[in-house]
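**Q** Got a structure here, written out as structure tokens. Questions coming.
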Number of protein chains: 2
Amino acid sequence: MCATLKDVAKAANVSTSTVSRVIANNPKISEETKNRVTDIIKRMNYHPNAIARSLANKATRILGIILPNEADDLFKNPFFIQAMTGISIYAQSRGYYIMYAFGKSEKEELSHIKRYISSRLTDGIILLTARHSDKCIQYLKEKEYPFAVIGRPEEPEGVLWVDNDNFQAMYTVVNFLIQKGHTAIGFIGGPQDMTMSRDRLKGYKEALSTNGISIDEKLIVQENNFTEQCGYAAMNEILDYKIPSAVVAIDDLFTFGAMKAVKDRGMDKIPMVGFNNIPLAAYQPIPISSVDINAEELGYNAARLLIEKLENVKMVTNHYIVKTQLIKR
Amino acid sequence: MCATLKDVAKAANVSTSTVSRVIANNPKISEETKNRVTDIIKRMNYHPNAIARSLANKATRILGIILPNEADDLFKNPFFIQAMTGISIYAQSRGYYIMYAFGKSEKEELSHIKRYISSRLTDGIILLTARHSDKCIQYLKEKEYPFAVIGRPEEPEGVLWVDNDNFQAMYTVVNFLIQKGHTAIGFIGGPQDMTMSRDRLKGYKEALSTNGISIDEKLIVQENNFTEQCGYAAMNEILDYKIPSAVVAIDDLFTFGAMKAVKDRGMDKIPMVGFNNIPLAAYQPIPISSVDINAEELGYNAARLLIEKLENVKMVTNHYIVKTQLIKR
DNA sequence: CTGAAAGCGCTTACAG
DNA sequence: CTGAAAGCGCTTACAG
């Protein structure tokens, strides 16, 4: 029912090769035929069949993105949808399509990756998280399949990645608190299998050390899930030990829970700084400061690096660092 | 580099037709050859090329979903990602892939739809919202392209849709508040071009009428964006008029803002009920009750209806109503 | 039960 | 500058 190349060729009285070249903007075509064919394409409302094109080109212009779905962080943290927006904006500007798949576990993510690769539907894959000894990254590297990661991989050689400078971001936050006179600063961290978690912890420790403050391991609590519940529990653990003058957390959801723990004990409010700048941070009992990681930009640049690789743009570096901003409230 | 049908056929000493039939589980193939070919497929780690298959089948098993991106509701309301999860779960169970595109406006959404259709990449489209005189729905209907909508369309004949019973859901909430003795109930509504907004308003009015309470139009405020700011403004408007004993809002973000407006005036807390059961509703200064719309189930069933249509499953109805639950806090 | 052949709708090296 | 032809990797009606 739809017009095909053949239909256009017939109508224009040329061969399909010529029409194909007109569409591809091949310079060898004379102005005259180009114009004539272009007109007919318009008039017939012809649009190339992307599938046929993909088969001939052995490239689909489809990118696959893998969404981790552990816990329901996915639903609470706008990071994912923001990153997806950024990916989509760049991809679209370059004429690429995006496919997504949720994985409830690393294993499931891996099986999606295998499906994408073996079906040959995608040209490249974007991972939205980097884990400790990440099976997905290992697999993609091994297969030499084009991919990019949001988050710094453990072994970054030869892999495209974008990330914030998590060490620096946390260092800055803690340093800022120290300048304001805080010395007993609680830390609520995340799973140690994420490089992000570990880098932020390092930043925390380094800021303390640099300022001559000894590290009190009992002020440091690590949780495995990015939930308010975990933040609540972590804060209680800290409070059972001593009352910190400030708290930093690697996720706003932790600070929300921590805030509640403080409130439930009927204590005075404790200043807190989180990460991700979740919109509702501003609407907490007392507004919570937060580090904005610019998730959209992370996504945008992940797509950019991957597409540049696919199109053989010569690259200077294999990674890109996105700035963070401390939003003080 | 990858094995093709031909390679397998050669290795198995059969024709490509036979291999193809084995993969399609065609019953005419003898057990013996089937087993032999299956073994070789395994051994060679052969996976069919989805693109070639799509071209031959004139079907891609790809669904396109269109995400509205007006305001940044998208980032705050887990609805979208939850719906995407539901869509993905069903789609995957049936061997379908999902593509997404963000539209910053109805116009942009429409252009994505056109792109999906004209490229013939997708087999069907899922819309995540239904508007007043919705251009996207009109276009898809006109083109007779397979699609499903989350949200009841204005003219539902012949279109597949899933939704909550928004009228009933709001009716129940308001009725519940009336039973508890409230009579002056503020209402914060949304854009009137969304059927969801209008249905919920109707439910509110009907519940009052049924209980013999006259409708006070000054207690009703409609906002155009689903943001805390709008909720804040709406609540102030209501408060300038009179102090309601309770407030219902068609989105939790409104209640968050409304809560703040009340607090900023140094007033006593007012019980509020929102919609969407945004995770953080439980973490507000006082926990906010909310109607859970089961977004994941909405997505799941939208995908189900669409795929059933694509596969010619005989359908009883062209829509599906997903239950809501009032989460009392 | 199996195979040869045509076809899905493009692209492109080759020839002219 | 343009066309005929082969090819991308599948499916399937037709014949046997």
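Residue numbering restarts at 1 in every chain; chains get A, B, ... in the order shown in the structure tokens, and ligands count up from 1 in that same order.
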Could you give me, as a list of chain:residue names, the residues within 9 Å of Lys218 in chain A, counting only C-alpha atoms (C1' of nucleotides) and dropping anything in the same chain fewer than 2 positions from it?
**A**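 Counting only the stated atoms, we get A:Gly186, A:Ile215, A:Asp216, A:Ile220, A:Val221, A:Glu237, A:Ile238, A:Tyr241, A:Lys242.
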**Q** Using only C-alpha atoms (C1' of nucleotides), which chain D residues lie at most 10 Å away from chain A, written as a PyMOL selection string?
**A** chain D and resi 1-4+7-9
**Q** Work out how far apart CA of Ser245 in chain A and CA of Ala233 in chain A are and give it in Å to one decimal.
**A**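 Separation between CA of Ser245 in chain A and CA of Ala233 in chain A: 17.9 Å.
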**Q** Using only C-alpha atoms, find each residue of chain A with at least one atom at most 6 Å away from an atom of chain B; report its shortest atom-to-atom pair and that distance in Å (one decimal), sort the rows by chain and rising residue number, and return the result as JSON lines.
**A**
{"residue": "A:His47", "atom": "CA", "partner": "B:Ser118", "partner_atom": "CA", "distance": 5.8}
{"residue": "A:Asn49", "atom": "CA", "partner": "B:Ser119", "partner_atom": "CA", "distance": 5.1}
{"residue": "A:Ala50", "atom": "CA", "partner": "B:Ser119", "partner_atom": "CA", "distance": 5.0}
{"residue": "A:Phe75", "atom": "CA", "partner": "B:Pro78", "partner_atom": "CA", "distance": 5.1}
{"residue": "A:Pro78", "atom": "CA", "partner": "B:Phe75", "partner_atom": "CA", "distance": 5.1}
{"residue": "A:Ile98", "atom": "CA", "partner": "B:Met99", "partner_atom": "CA", "distance": 5.5}
{"residue": "A:Met99", "atom": "CA", "partner": "B:Met99", "partner_atom": "CA", "distance": 4.2}
{"residue": "A:Ser118", "atom": "CA", "partner": "B:His47", "partner_atom": "CA", "distance": 5.8}
{"residue": "A:Ser119", "atom": "CA", "partner": "B:Ala50", "partner_atom": "CA", "distance": 5.0}
{"residue": "A:Arg120", "atom": "CA", "partner": "B:Asn49", "partner_atom": "CA", "distance": 5.9}
{"residue": "A:Pro285", "atom": "CA", "partner": "B:Pro285", "partner_atom": "CA", "distance": 5.7}
**Q** Store the residues picked out above in a file with N, CA and C atoms, as a short mmCIF file (atom, residue, chain, number, x, y, z; two decimals), in the first residue's frame.
**A**
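selection_35.cif written:
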data_model
loop_
_atom_site.label_atom_id
_atom_site.label_comp_id
_atom_site.auth_asym_id
_atom_site.auth_seq_id
_atom_site.Cartn_x
_atom_site.Cartn_y
_atom_site.Cartn_z
N HIS A 47 8.38 7.46 1.66
CA HIS A 47 9.34 7.40 2.76
C HIS A 47 10.03 6.05 2.70
N ASN A 49 11.65 2.59 3.51
CA ASN A 49 11.40 1.55 4.49
C ASN A 49 12.68 1.32 5.29
N ALA A 50 12.61 1.67 6.57
CA ALA A 50 13.82 1.60 7.39
C ALA A 50 14.35 0.19 7.52
N PHE A 75 11.66 4.17 40.16
CA PHE A 75 10.42 4.95 40.17
C PHE A 75 10.55 6.24 40.95
N PRO A 78 14.48 10.45 39.52
CA PRO A 78 14.25 10.89 38.15
C PRO A 78 15.46 10.66 37.25
N ILE A 98 15.60 4.73 19.55
CA ILE A 98 15.99 4.14 20.84
C ILE A 98 15.06 3.02 21.25
N MET A 99 15.65 1.94 21.71
CA MET A 99 14.90 0.84 22.26
C MET A 99 15.29 0.69 23.72
N SER A 118 22.25 -10.48 19.38
CA SER A 118 22.07 -11.63 18.48
C SER A 118 20.98 -11.38 17.45
N SER A 119 20.01 -10.56 17.78
CA SER A 119 18.95 -10.27 16.81
C SER A 119 19.44 -9.28 15.76
N ARG A 120 20.53 -8.65 16.06
CA ARG A 120 21.11 -7.61 15.19
C ARG A 120 20.16 -6.42 14.98
N PRO A 285 10.45 18.76 55.02
CA PRO A 285 10.19 19.57 56.21
C PRO A 285 11.15 20.75 56.30
#
**Q** Over all C-alpha pairs taken in sequence order, what does chain B look like after a least-squares fit onto chain A? Please give it as a compact mmCIF listing (two decimals) with C-alpha atoms, in the first residue's frame.
**A**
# COMPACT_ATOMS: atom_id res chain seq x y z
CA MET B 1 -0.08 0.14 -0.06
CA CYS B 2 2.89 2.39 0.63
CA ALA B 3 4.93 3.71 -2.23
CA THR B 4 8.27 1.96 -2.72
CA LEU B 5 11.47 2.94 -4.44
CA LYS B 6 10.27 1.06 -7.46
CA ASP B 7 7.05 3.05 -7.66
CA VAL B 8 8.98 6.27 -7.51
CA ALA B 9 11.46 5.07 -10.10
CA LYS B 10 8.67 4.12 -12.45
CA ALA B 11 6.92 7.45 -11.99
CA ALA B 12 10.15 9.32 -12.58
CA ASN B 13 11.21 7.16 -15.47
CA VAL B 14 14.56 6.35 -13.93
CA SER B 15 16.07 3.30 -12.29
CA THR B 16 15.74 2.50 -8.61
CA SER B 17 19.48 3.08 -8.31
CA THR B 18 18.99 6.67 -9.31
CA VAL B 19 16.19 7.26 -6.87
CA SER B 20 18.25 5.65 -4.16
CA ARG B 21 21.13 7.96 -4.97
CA VAL B 22 18.91 11.00 -4.91
CA ILE B 23 17.77 10.04 -1.42
CA ALA B 24 21.35 9.45 -0.31
CA ASN B 25 22.24 12.83 -1.77
CA ASN B 26 24.86 11.25 -3.97
CA PRO B 27 26.77 14.10 -5.69
CA LYS B 28 27.04 12.27 -8.99
CA ILE B 29 23.38 12.84 -9.78
CA SER B 30 22.57 15.72 -12.10
CA GLU B 31 20.70 18.65 -10.66
CA GLU B 32 17.94 18.14 -13.14
CA THR B 33 17.13 14.53 -12.31
CA LYS B 34 17.66 15.21 -8.64
CA ASN B 35 15.00 17.90 -8.68
CA ARG B 36 12.61 15.89 -10.73
CA VAL B 37 12.93 12.84 -8.53
CA THR B 38 12.72 14.89 -5.36
CA ASP B 39 9.47 16.40 -6.56
CA ILE B 40 8.01 13.03 -7.30
CA ILE B 41 9.10 11.69 -3.93
CA LYS B 42 7.27 14.57 -2.28
CA ARG B 43 4.24 14.21 -4.44
CA MET B 44 3.98 10.47 -3.84
CA ASN B 45 4.74 11.00 -0.16
CA TYR B 46 7.39 8.37 -0.38
CA HIS B 47 9.34 7.40 2.73
CA PRO B 48 12.08 4.79 2.63
CA ASN B 49 11.41 1.56 4.45
CA ALA B 50 13.83 1.62 7.36
CA ILE B 51 13.88 -2.15 7.62
CA ALA B 52 14.87 -2.75 4.02
CA ARG B 53 17.43 -0.02 4.32
CA SER B 54 18.84 -1.57 7.48
CA LEU B 55 19.16 -4.93 5.82
CA ALA B 56 21.05 -3.51 2.89
CA ASN B 57 23.20 -1.28 5.06
CA LYS B 58 23.85 -3.78 7.78
CA ALA B 59 23.09 -1.04 10.27
CA THR B 60 19.79 -0.15 11.86
CA ARG B 61 20.38 3.22 13.51
CA ILE B 62 18.73 1.77 16.57
CA LEU B 63 20.36 2.09 19.97
CA GLY B 64 19.38 -0.20 22.83
CA ILE B 65 19.33 1.02 26.39
CA ILE B 66 19.32 -1.21 29.41
CA LEU B 67 17.53 -0.01 32.51
CA PRO B 68 18.49 -1.56 35.81
CA ASN B 69 15.45 -2.25 37.91
CA GLU B 70 16.84 -3.31 41.23
CA ALA B 71 14.66 -2.06 44.05
CA ASP B 72 12.22 0.58 43.00
CA ASP B 73 14.80 3.29 42.86
CA LEU B 74 13.77 3.46 39.23
CA PHE B 75 10.42 4.91 40.17
CA LYS B 76 11.63 7.39 42.71
CA ASN B 77 14.78 8.71 41.24
CA PRO B 78 14.25 10.86 38.17
CA PHE B 79 17.76 9.94 37.08
CA PHE B 80 16.64 7.24 34.70
CA ILE B 81 13.98 9.13 32.86
CA GLN B 82 16.21 12.16 32.69
CA ALA B 83 19.03 10.14 31.26
CA MET B 84 16.60 8.60 28.78
CA THR B 85 15.53 12.06 27.72
CA GLY B 86 19.10 13.12 27.15
CA ILE B 87 19.88 10.00 25.18
CA SER B 88 16.80 10.48 23.08
CA ILE B 89 17.53 14.13 22.33
CA TYR B 90 20.97 13.44 20.97
CA ALA B 91 20.01 10.23 19.22
CA GLN B 92 17.13 11.88 17.47
CA SER B 93 19.25 14.77 16.32
CA ARG B 94 21.39 12.22 14.54
CA GLY B 95 18.55 10.18 13.15
CA TYR B 96 18.81 7.29 15.57
CA TYR B 97 16.01 5.40 17.25
CA ILE B 98 15.99 4.13 20.84
CA MET B 99 14.88 0.82 22.25
CA TYR B 100 14.76 0.04 25.93
CA ALA B 101 14.55 -3.00 28.17
CA PHE B 102 14.27 -3.36 31.94
CA GLY B 103 16.36 -5.89 33.75
CA LYS B 104 15.31 -6.99 37.21
CA SER B 105 18.81 -8.29 37.86
CA GLU B 106 22.24 -8.17 36.33
CA LYS B 107 21.49 -11.54 34.80
CA GLU B 108 18.34 -10.30 33.16
CA GLU B 109 20.16 -7.25 31.88
CA LEU B 110 22.71 -9.51 30.32
CA SER B 111 20.07 -11.56 28.62
CA HIS B 112 18.56 -8.42 27.12
CA ILE B 113 21.95 -7.44 25.85
CA LYS B 114 22.36 -10.82 24.25
CA ARG B 115 18.96 -10.53 22.68
CA TYR B 116 19.75 -7.13 21.23
CA ILE B 117 23.06 -8.28 19.87
CA SER B 118 22.05 -11.61 18.46
CA SER B 119 18.95 -10.26 16.79
CA ARG B 120 21.13 -7.59 15.18
CA LEU B 121 18.40 -5.07 15.86
CA THR B 122 20.64 -2.52 17.54
CA ASP B 123 23.83 -0.88 16.39
CA GLY B 124 24.99 -0.14 19.90
CA ILE B 125 24.00 -0.33 23.53
CA ILE B 126 23.95 2.16 26.39
CA LEU B 127 24.23 0.93 29.97
CA LEU B 128 22.73 3.15 32.63
CA THR B 129 24.87 1.93 35.47
CA ALA B 130 28.36 0.57 36.10
CA ARG B 131 28.85 -2.13 38.69
CA HIS B 132 31.71 -3.81 40.44
CA SER B 133 33.01 -6.52 38.10
CA ASP B 134 30.13 -5.73 35.80
CA LYS B 135 29.05 -8.77 33.81
CA CYS B 136 27.37 -6.69 31.15
CA ILE B 137 30.42 -4.58 30.52
CA GLN B 138 32.60 -7.67 30.44
CA TYR B 139 30.34 -9.33 27.94
CA LEU B 140 30.12 -6.33 25.65
CA LYS B 141 33.86 -5.83 25.72
CA GLU B 142 34.49 -9.44 24.95
CA LYS B 143 32.08 -9.33 22.02
CA GLU B 144 33.64 -6.05 20.91
CA TYR B 145 30.14 -4.72 20.55
CA PRO B 146 29.78 -0.92 20.46
CA PHE B 147 28.51 0.41 23.77
CA ALA B 148 28.69 3.28 26.21
CA VAL B 149 28.22 3.35 29.94
CA ILE B 150 26.82 5.98 32.27
CA GLY B 151 29.14 5.60 35.23
CA ARG B 152 32.86 4.96 35.26
CA PRO B 153 33.67 1.30 34.67
CA GLU B 154 36.27 -0.41 36.78
CA GLU B 155 38.47 -1.00 33.81
CA PRO B 156 37.81 1.93 31.58
CA GLU B 157 40.36 1.13 28.88
CA GLY B 158 38.65 0.82 25.59
CA VAL B 159 35.18 1.54 26.91
CA LEU B 160 33.16 4.67 26.29
CA TRP B 161 31.78 6.20 29.44
CA VAL B 162 30.35 9.36 30.89
CA ASP B 163 30.11 10.20 34.52
CA ASN B 164 30.29 12.93 37.07
CA ASP B 165 33.45 13.32 39.03
CA ASN B 166 31.88 11.64 42.01
CA PHE B 167 34.97 11.91 44.12
CA GLN B 168 35.25 15.62 43.48
CA ALA B 169 31.52 16.23 43.94
CA MET B 170 31.44 14.66 47.39
CA TYR B 171 34.75 16.21 48.32
CA THR B 172 33.32 19.63 47.55
CA VAL B 173 30.19 19.03 49.59
CA VAL B 174 32.07 17.83 52.64
CA ASN B 175 34.61 20.58 52.34
CA PHE B 176 31.78 23.09 52.20
CA LEU B 177 30.28 21.69 55.40
CA ILE B 178 33.65 21.74 57.13
CA GLN B 179 34.09 25.40 56.20
CA LYS B 180 30.78 26.05 57.89
CA GLY B 181 32.19 24.56 61.07
CA HIS B 182 30.94 20.97 60.93
CA THR B 183 33.31 18.27 62.08
CA ALA B 184 31.10 15.33 63.01
CA ILE B 185 29.61 14.62 59.60
CA GLY B 186 27.55 11.49 59.14
CA PHE B 187 27.82 9.61 55.85
CA ILE B 188 25.13 7.44 54.33
CA GLY B 189 26.54 5.48 51.43
CA GLY B 190 25.38 2.91 48.96
CA PRO B 191 26.22 -0.54 47.68
CA GLN B 192 29.95 -1.07 47.41
CA ASP B 193 29.62 -2.81 44.08
CA MET B 194 28.92 0.50 42.40
CA THR B 195 31.91 2.60 41.53
CA MET B 196 29.82 5.70 42.10
CA SER B 197 29.27 4.66 45.73
CA ARG B 198 32.90 4.03 46.30
CA ASP B 199 34.08 7.23 44.68
CA ARG B 200 31.76 9.32 46.78
CA LEU B 201 32.93 7.62 49.93
CA LYS B 202 36.52 8.33 48.96
CA GLY B 203 35.66 11.99 48.40
CA TYR B 204 34.13 12.15 51.86
CA LYS B 205 37.16 10.62 53.50
CA GLU B 206 39.61 12.71 51.57
CA ALA B 207 37.87 15.95 52.46
CA LEU B 208 38.01 15.07 56.14
CA SER B 209 41.67 14.05 55.96
CA THR B 210 42.67 17.12 54.05
CA ASN B 211 41.09 19.25 56.72
CA GLY B 212 42.81 17.32 59.46
CA ILE B 213 39.65 15.69 60.73
CA SER B 214 40.04 12.05 61.66
CA ILE B 215 37.67 9.60 60.05
CA ASP B 216 35.15 8.08 62.41
CA GLU B 217 34.04 4.82 60.84
CA LYS B 218 31.00 4.72 63.07
CA LEU B 219 29.65 7.80 61.36
CA ILE B 220 29.73 5.93 58.08
CA VAL B 221 26.85 3.63 57.20
CA GLN B 222 26.41 1.85 53.89
CA GLU B 223 23.08 0.67 52.60
CA ASN B 224 22.29 -1.69 49.77
CA ASN B 225 19.15 -0.14 48.43
CA PHE B 226 18.44 3.44 47.51
CA THR B 227 15.31 3.82 49.56
CA GLU B 228 13.99 6.10 52.26
CA GLN B 229 13.68 3.05 54.50
CA CYS B 230 17.38 2.42 54.24
CA GLY B 231 18.11 6.07 54.90
CA TYR B 232 15.89 5.89 57.92
CA ALA B 233 17.68 2.82 59.25
CA ALA B 234 21.10 4.25 58.49
CA MET B 235 20.33 7.45 60.30
CA ASN B 236 19.11 5.57 63.33
CA GLU B 237 22.32 3.62 63.36
CA ILE B 238 24.30 6.83 63.33
CA LEU B 239 22.14 8.43 65.98
CA ASP B 240 22.50 5.43 68.26
CA TYR B 241 26.18 6.17 68.22
CA LYS B 242 26.21 9.96 68.38
CA ILE B 243 24.49 13.04 67.04
CA PRO B 244 26.32 14.36 63.98
CA SER B 245 26.18 18.06 63.26
CA ALA B 246 25.52 17.38 59.58
CA VAL B 247 24.86 14.44 57.30
CA VAL B 248 25.81 13.76 53.71
CA ALA B 249 24.17 11.00 51.72
CA ILE B 250 24.85 9.74 48.26
CA ASP B 251 21.16 9.83 47.36
CA ASP B 252 18.35 12.19 48.24
CA LEU B 253 16.12 9.29 49.15
CA PHE B 254 18.51 8.56 52.00
CA THR B 255 18.24 12.10 53.28
CA PHE B 256 14.46 11.93 53.13
CA GLY B 257 14.49 8.84 55.33
CA ALA B 258 17.20 10.26 57.57
CA MET B 259 15.17 13.41 58.05
CA LYS B 260 12.28 11.33 59.22
CA ALA B 261 14.45 9.38 61.65
CA VAL B 262 15.56 12.63 63.22
CA LYS B 263 12.01 13.89 63.40
CA ASP B 264 10.73 10.64 64.90
CA ARG B 265 13.21 11.00 67.73
CA GLY B 266 11.87 14.46 68.40
CA MET B 267 15.30 15.90 67.80
CA ASP B 268 16.32 19.21 66.32
CA LYS B 269 16.79 19.28 62.61
CA ILE B 270 20.19 18.31 61.27
CA PRO B 271 21.47 19.86 58.05
CA MET B 272 21.74 17.32 55.28
CA VAL B 273 23.04 17.19 51.75
CA GLY B 274 21.98 14.55 49.27
CA PHE B 275 22.60 13.70 45.64
CA ASN B 276 20.42 13.79 42.52
CA ASN B 277 18.48 16.92 43.37
CA ILE B 278 15.22 15.03 43.36
CA PRO B 279 12.54 17.65 42.76
CA LEU B 280 10.90 17.04 46.10
CA ALA B 281 14.08 17.76 48.05
CA ALA B 282 12.92 21.34 48.10
CA TYR B 283 9.63 20.28 49.67
CA GLN B 284 10.96 18.39 52.67
CA PRO B 285 10.17 19.59 56.20
CA ILE B 286 13.31 21.59 55.89
CA PRO B 287 14.57 21.93 52.36
CA ILE B 288 17.46 19.61 51.66
CA SER B 289 20.53 20.68 49.79
CA SER B 290 21.45 18.38 46.99
CA VAL B 291 24.02 17.78 44.32
CA ASP B 292 22.54 17.94 40.87
CA ILE B 293 24.30 15.38 38.70
CA ASN B 294 22.78 16.60 35.42
CA ALA B 295 21.41 13.26 34.43
CA GLU B 296 20.07 14.53 31.13
CA GLU B 297 23.53 15.65 30.13
CA LEU B 298 24.96 12.29 31.16
CA GLY B 299 22.52 10.59 28.84
CA TYR B 300 23.09 13.08 26.06
CA ASN B 301 26.83 12.53 26.09
CA ALA B 302 26.61 8.78 26.41
CA ALA B 303 24.58 8.80 23.21
CA ARG B 304 27.02 11.21 21.63
CA LEU B 305 30.09 9.12 22.37
CA LEU B 306 28.41 5.97 21.16
CA ILE B 307 27.11 7.48 17.95
CA GLU B 308 30.42 9.15 17.20
CA LYS B 309 32.07 5.79 17.52
CA LEU B 310 29.48 4.18 15.25
CA GLU B 311 30.05 6.85 12.65
CA ASN B 312 33.81 6.66 13.00
CA VAL B 313 34.28 10.19 14.20
CA LYS B 314 37.84 10.33 15.44
CA MET B 315 37.69 10.63 19.19
CA VAL B 316 40.05 12.38 21.50
CA THR B 317 39.00 10.65 24.68
CA ASN B 318 36.90 7.65 25.51
CA HIS B 319 35.00 9.41 28.25
CA TYR B 320 33.29 12.62 29.24
CA ILE B 321 32.85 14.17 32.66
CA VAL B 322 29.63 16.00 33.37
CA LYS B 323 29.69 18.80 35.90
CA THR B 324 27.74 18.62 39.14
CA GLN B 325 26.26 21.52 41.02
CA LEU B 326 25.61 21.80 44.72
CA ILE B 327 22.15 23.26 45.13
CA LYS B 328 22.19 24.94 48.52
CA ARG B 329 18.93 25.24 50.34
**Q** Mind listing the strand (DSSP E) residues of range 79-315 of chain B, per DSSP on the backbone, as JSON, numbers by chain?
**A** {"B": [97, 98, 99, 100, 101, 102, 103, 124, 125, 126, 127, 147, 148, 149, 150, 160, 161, 162, 163, 164, 185, 186, 187, 188, 189, 220, 221, 222, 246, 247, 248, 249, 272, 273, 274, 275, 289, 290, 291, 292]}
**Q** Using DSSP assignments from the backbone, pull out every residue in range 76-178 of chain A that falls under alpha helix (DSSP H) and give it to me as a PyMOL selection string.
**A** chain A and resi 76+79-93+106-119+135-142+166-178
